[in-house]
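Q: coords28.cif (mmCIF, C-alpha atoms) pasted underneath:
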```cif
data_entry
#
loop_
_atom_site.label_atom_id
_atom_site.label_comp_id
_atom_site.auth_asym_id
_atom_site.auth_seq_id
_atom_site.Cartn_x
_atom_site.Cartn_y
_atom_site.Cartn_z
CA MET L 1 -35.40 8.85 36.68
CA ALA L 2 -37.88 11.64 37.34
CA LEU L 3 -37.56 14.89 35.45
CA LEU L 4 -38.11 16.98 38.56
CA GLU L 5 -36.66 15.90 41.87
CA TRP L 6 -37.75 17.15 45.25
CA ASN L 7 -34.81 18.86 46.96
CA ALA L 8 -34.05 21.25 49.82
CA ASP L 9 -34.26 24.27 47.51
CA LEU L 10 -38.00 23.61 47.25
CA SER L 11 -38.59 23.28 50.98
CA VAL L 12 -40.78 25.91 52.63
CA SER L 13 -39.93 24.59 56.13
CA VAL L 14 -43.50 23.37 56.65
CA PRO L 15 -43.55 19.56 56.46
CA VAL L 16 -47.18 19.22 55.38
CA PHE L 17 -46.72 21.74 52.55
CA ASP L 18 -43.42 20.21 51.49
CA SER L 19 -45.17 16.84 51.26
CA GLN L 20 -48.00 18.33 49.22
CA HIS L 21 -45.62 20.17 46.91
CA SER L 22 -43.77 16.89 46.41
CA ARG L 23 -47.05 15.23 45.37
CA LEU L 24 -47.67 17.98 42.82
CA ILE L 25 -44.19 17.40 41.41
CA ASP L 26 -45.00 13.69 41.20
CA LEU L 27 -48.01 14.53 39.04
CA ILE L 28 -45.87 16.62 36.71
CA ASN L 29 -43.37 13.76 36.49
CA GLU L 30 -46.21 11.36 35.72
CA LEU L 31 -47.27 13.56 32.80
CA HIS L 32 -43.67 13.80 31.56
CA SER L 33 -43.19 10.02 31.77
CA SER L 34 -46.43 9.47 29.85
CA MET L 35 -45.37 11.96 27.19
CA THR L 36 -41.97 10.29 26.85
CA ALA L 37 -43.72 6.96 26.36
CA GLY L 38 -45.99 8.50 23.71
CA LYS L 39 -49.06 8.30 25.94
CA GLY L 40 -49.39 11.95 26.96
CA ARG L 41 -52.73 12.42 25.20
CA LEU L 42 -54.13 9.32 26.92
CA VAL L 43 -53.43 10.48 30.47
CA ILE L 44 -53.71 14.25 30.15
CA GLN L 45 -57.33 14.49 31.32
CA LYS L 46 -56.73 12.23 34.32
CA ILE L 47 -53.73 14.28 35.38
CA LEU L 48 -55.53 17.60 34.84
CA ASP L 49 -58.49 16.39 36.91
CA GLU L 50 -56.21 15.20 39.70
CA LEU L 51 -54.24 18.45 39.63
CA VAL L 52 -57.39 20.55 39.91
CA GLU L 53 -58.65 18.48 42.83
CA TYR L 54 -55.31 18.27 44.65
CA THR L 55 -54.31 21.90 44.15
CA ARG L 56 -57.67 23.07 45.48
CA TYR L 57 -57.13 20.93 48.56
CA HIS L 58 -53.54 22.18 48.98
CA PHE L 59 -54.40 25.82 48.31
CA THR L 60 -57.26 25.73 50.82
CA LEU L 61 -54.99 24.38 53.56
CA GLU L 62 -52.18 26.78 52.70
CA GLU L 63 -54.47 29.82 52.59
CA SER L 64 -56.09 28.80 55.88
CA ALA L 65 -52.68 28.63 57.59
CA LEU L 66 -51.61 31.94 56.07
CA LYS L 67 -54.80 33.56 57.32
CA LYS L 68 -54.42 32.05 60.79
CA TYR L 69 -50.90 33.44 61.14
CA ASP L 70 -51.69 36.84 59.56
CA TYR L 71 -49.59 36.55 56.41
CA PRO L 72 -49.43 40.13 55.09
CA GLN L 73 -49.47 39.08 51.41
CA LEU L 74 -52.41 36.70 51.76
CA GLN L 75 -54.70 38.36 49.19
CA GLU L 76 -52.00 38.40 46.51
CA HIS L 77 -51.18 34.76 47.27
CA ILE L 78 -54.84 33.83 46.91
CA ARG L 79 -54.99 35.66 43.55
CA LEU L 80 -52.01 33.64 42.33
CA HIS L 81 -53.73 30.42 43.37
CA GLU L 82 -56.95 31.47 41.63
CA GLY L 83 -54.99 32.23 38.46
CA PHE L 84 -53.48 28.75 38.52
CA ILE L 85 -56.88 27.08 38.96
CA ASP L 86 -58.36 29.25 36.19
CA LYS L 87 -55.56 28.20 33.81
CA LEU L 88 -56.10 24.52 34.66
CA LYS L 89 -59.83 24.94 34.00
CA SER L 90 -59.06 26.65 30.69
CA LEU L 91 -56.79 23.80 29.63
CA THR L 92 -59.44 21.27 30.63
CA GLU L 93 -62.12 23.11 28.64
CA LYS L 94 -59.80 23.28 25.63
CA LYS L 95 -59.28 19.52 25.87
CA GLU L 96 -63.00 18.81 26.25
CA LYS L 97 -63.86 20.92 23.19
CA GLY L 98 -61.41 18.94 21.10
CA GLU L 99 -59.38 22.01 20.29
CA LEU L 100 -55.76 21.59 19.37
CA PHE L 101 -54.22 20.32 22.55
CA VAL L 102 -50.62 19.42 23.11
CA PRO L 103 -49.54 17.79 26.38
CA ILE L 104 -46.23 19.66 26.22
CA GLU L 105 -48.19 22.93 26.61
CA VAL L 106 -49.67 21.62 29.84
CA PHE L 107 -46.37 20.21 31.02
CA ASP L 108 -44.50 23.47 30.42
CA PHE L 109 -47.16 25.50 32.20
CA LEU L 110 -47.26 23.17 35.21
CA ASN L 111 -43.51 22.83 35.47
CA ASN L 112 -42.80 26.55 35.20
CA TRP L 113 -45.68 27.75 37.37
CA LEU L 114 -45.24 25.26 40.19
CA ILE L 115 -41.48 25.52 40.54
CA ASP L 116 -41.53 29.33 40.30
CA HIS L 117 -44.44 29.55 42.73
CA ILE L 118 -42.73 27.39 45.34
CA LYS L 119 -39.28 28.95 44.98
CA ILE L 120 -40.52 32.55 44.92
CA GLU L 121 -44.00 32.96 46.37
CA ASP L 122 -44.20 30.12 48.89
CA LYS L 123 -40.70 30.82 50.20
CA LYS L 124 -42.00 34.23 51.31
CA TYR L 125 -44.09 32.59 54.04
CA ALA L 126 -41.49 30.05 55.15
CA ASP L 127 -40.20 32.05 58.13
CA LEU L 128 -43.70 32.93 59.28
CA LEU L 129 -44.97 29.33 59.28
CA ALA L 130 -41.79 27.44 60.20
CA GLY L 131 -42.39 25.45 63.36
CA LYS L 132 -46.11 26.28 63.51
CA PRO L 133 -48.58 23.44 63.99
CA ILE L 134 -50.31 22.87 60.65
CA GLN L 135 -52.42 19.75 60.22
CA GLU L 136 -53.91 18.21 57.11
#
```
Kindly present the structure from the file in structure tokens form.
A:
Amino acid sequence: MALLEWNADLSVSVPVFDSQHSRLIDLINELHSSMTAGKGRLVIQKILDELVEYTRYHFTLEESALKKYDYPQLQEHIRLHEGFIDKLKSLTEKKEKGELFVPIEVFDFLNNWLIDHIKIEDKKYADLLAGKPIQE
């Protein structure tokens, strides 16, 4: 059973973004499963790399839609996204330098940031984008 389950509380009423958020949750679950099996250190770099790549893709699409539909908090939303990417880069650099690195640190950050971001920040744009045509 997955640690985090996609549910209606996480929906932002935009199918493409809900699907992408679900994929991000899958990556967090993959890290958790690996940690539970004692393999967290073996997969951490792969998951970090995939998260950086996928979140950039997701954030670009999300920011583009928010800009297109004149989301009033766009600049703050972009800053939050940039902060997330910066933290992922920092964790990757820490791993590459061989510094003390614990997968649970990454897991906690990802879990807390993503769930809070979706439930609080992304929900703010739900009414604005609901029903709008947004393509991947």
Q: Of the residues L:Met35, L:Val43, L:Ile28, L:Leu66, which is the one nearest to Asp127 of chain L, using all atoms listed in the file?
A: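 Among L:Met35, L:Val43, L:Ile28, L:Leu66, it is L:Leu66 that comes nearest to Asp127 of chain L.
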Q: Quick one: which residues end up in the PyMOL selection byres ((chain L and resi 13) around 7) for this structure, as a PyMOL selection string?
A: chain L and resi 11-12+14-15+126+130
Q: List the neighbours of Ser34 of chain L out to 12 Å using only C-alpha atoms; skip same-chain residues closer than 3 positions along the sequence, and give me the result as a PyMOL selection string.
A: chain L and resi 2-3+27-31+37-44+46-47+103-104+107
Q: To one decimal in Å, tell me the separation between atom CA of Lys67 of chain L and atom CA of Trp113 of chain L.
A: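 Answer for the atom CA of Lys67 of chain L to atom CA of Trp113 of chain L separation: 22.7 Å.
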Q: Tell me which protein, DNA and RNA residues are within 12 Å of Lys68 of chain L, counting only C-alpha atoms, leaving out same-chain ones fewer than 3 positions away, and put them as a JSON list (two decimals) with C-alpha atoms, in the frame of the given file.
A:
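Below you can see selection36.json, which holds the result:
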```json
[["chain", "number", "residue", "atom", "x", "y", "z"],
["L", 61, "LEU", "CA", -54.99, 24.38, 53.56],
["L", 62, "GLU", "CA", -52.18, 26.78, 52.70],
["L", 63, "GLU", "CA", -54.47, 29.82, 52.59],
["L", 64, "SER", "CA", -56.09, 28.80, 55.88],
["L", 65, "ALA", "CA", -52.68, 28.63, 57.59],
["L", 71, "TYR", "CA", -49.59, 36.55, 56.41],
["L", 72, "PRO", "CA", -49.43, 40.13, 55.09],
["L", 74, "LEU", "CA", -52.41, 36.70, 51.76],
["L", 128, "LEU", "CA", -43.70, 32.93, 59.28],
["L", 129, "LEU", "CA", -44.97, 29.33, 59.28],
["L", 132, "LYS", "CA", -46.11, 26.28, 63.51],
["L", 133, "PRO", "CA", -48.58, 23.44, 63.99],
["L", 134, "ILE", "CA", -50.31, 22.87, 60.65]]
```
Q: Going by the chain IDs and residue numbers used in this file, which residues fall under the PyMOL selection byres ((chain L and resi 4-6) around 10)? Write them as a list in words.
A: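 When the PyMOL selection byres ((chain L and resi 4-6) around 10) is applied to the shown file, the picked residues are Met1, Ala2, Leu3, Asn7, Ala8, Asp9, Leu10, Ser11, Asp18, Ser19, His21, Ser22, Arg23, Ile25, Asp26, Ile28, Asn29, His32, Asn111 and Ile115 of chain L.
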Q: Do you know which residues lie at most 8 Å from (-52.0, 19.6, 38.1), with coordinates as in the file and all atoms listed in the file counted, and could you write them as a count of residues only?
A: 13
Q: Work out how far atom CA of Ser90 of chain L is from atom CA of Phe59 of chain L, in Å to one decimal.
A: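 These atoms are spaced 18.2 Å apart.
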Q: Can you tell me how far atom CA of Glu121 of chain L sits from atom CA of Lys95 of chain L, in Å to one decimal?
A: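 Distance between the two atoms: 28.9 Å.
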Q: Take every atom of segment 112-127 of chain L listed in the file, fit an axis-aligned box around them, add 3 Å per side, and give the centre and edge lengths in Å to one decimal as lines of an AutoDock Vina configuration file.
A:
```
center_x = -42.5
center_y = 29.7
center_z = 46.7
size_x = 12.4
size_y = 15.0
size_z = 28.9
```
Q: Restricting the calculation to all atoms listed in the file: of L:Lys87, L:Arg79, L:Gln73, L:Phe17, which residue gets closest to Ile118 of chain L?
A: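 Ranking L:Lys87, L:Arg79, L:Gln73, L:Phe17 by distance to Ile118 of chain L, first place goes to L:Phe17.
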Q: Using only C-alpha atoms, which residue out of L:Lys94, L:Phe84, L:Gly131, L:Thr36 lies closest to Tyr69 of chain L?
A: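 Going through L:Lys94, L:Phe84, L:Gly131, L:Thr36 one by one, the smallest distance to Tyr69 of chain L is for L:Gly131.
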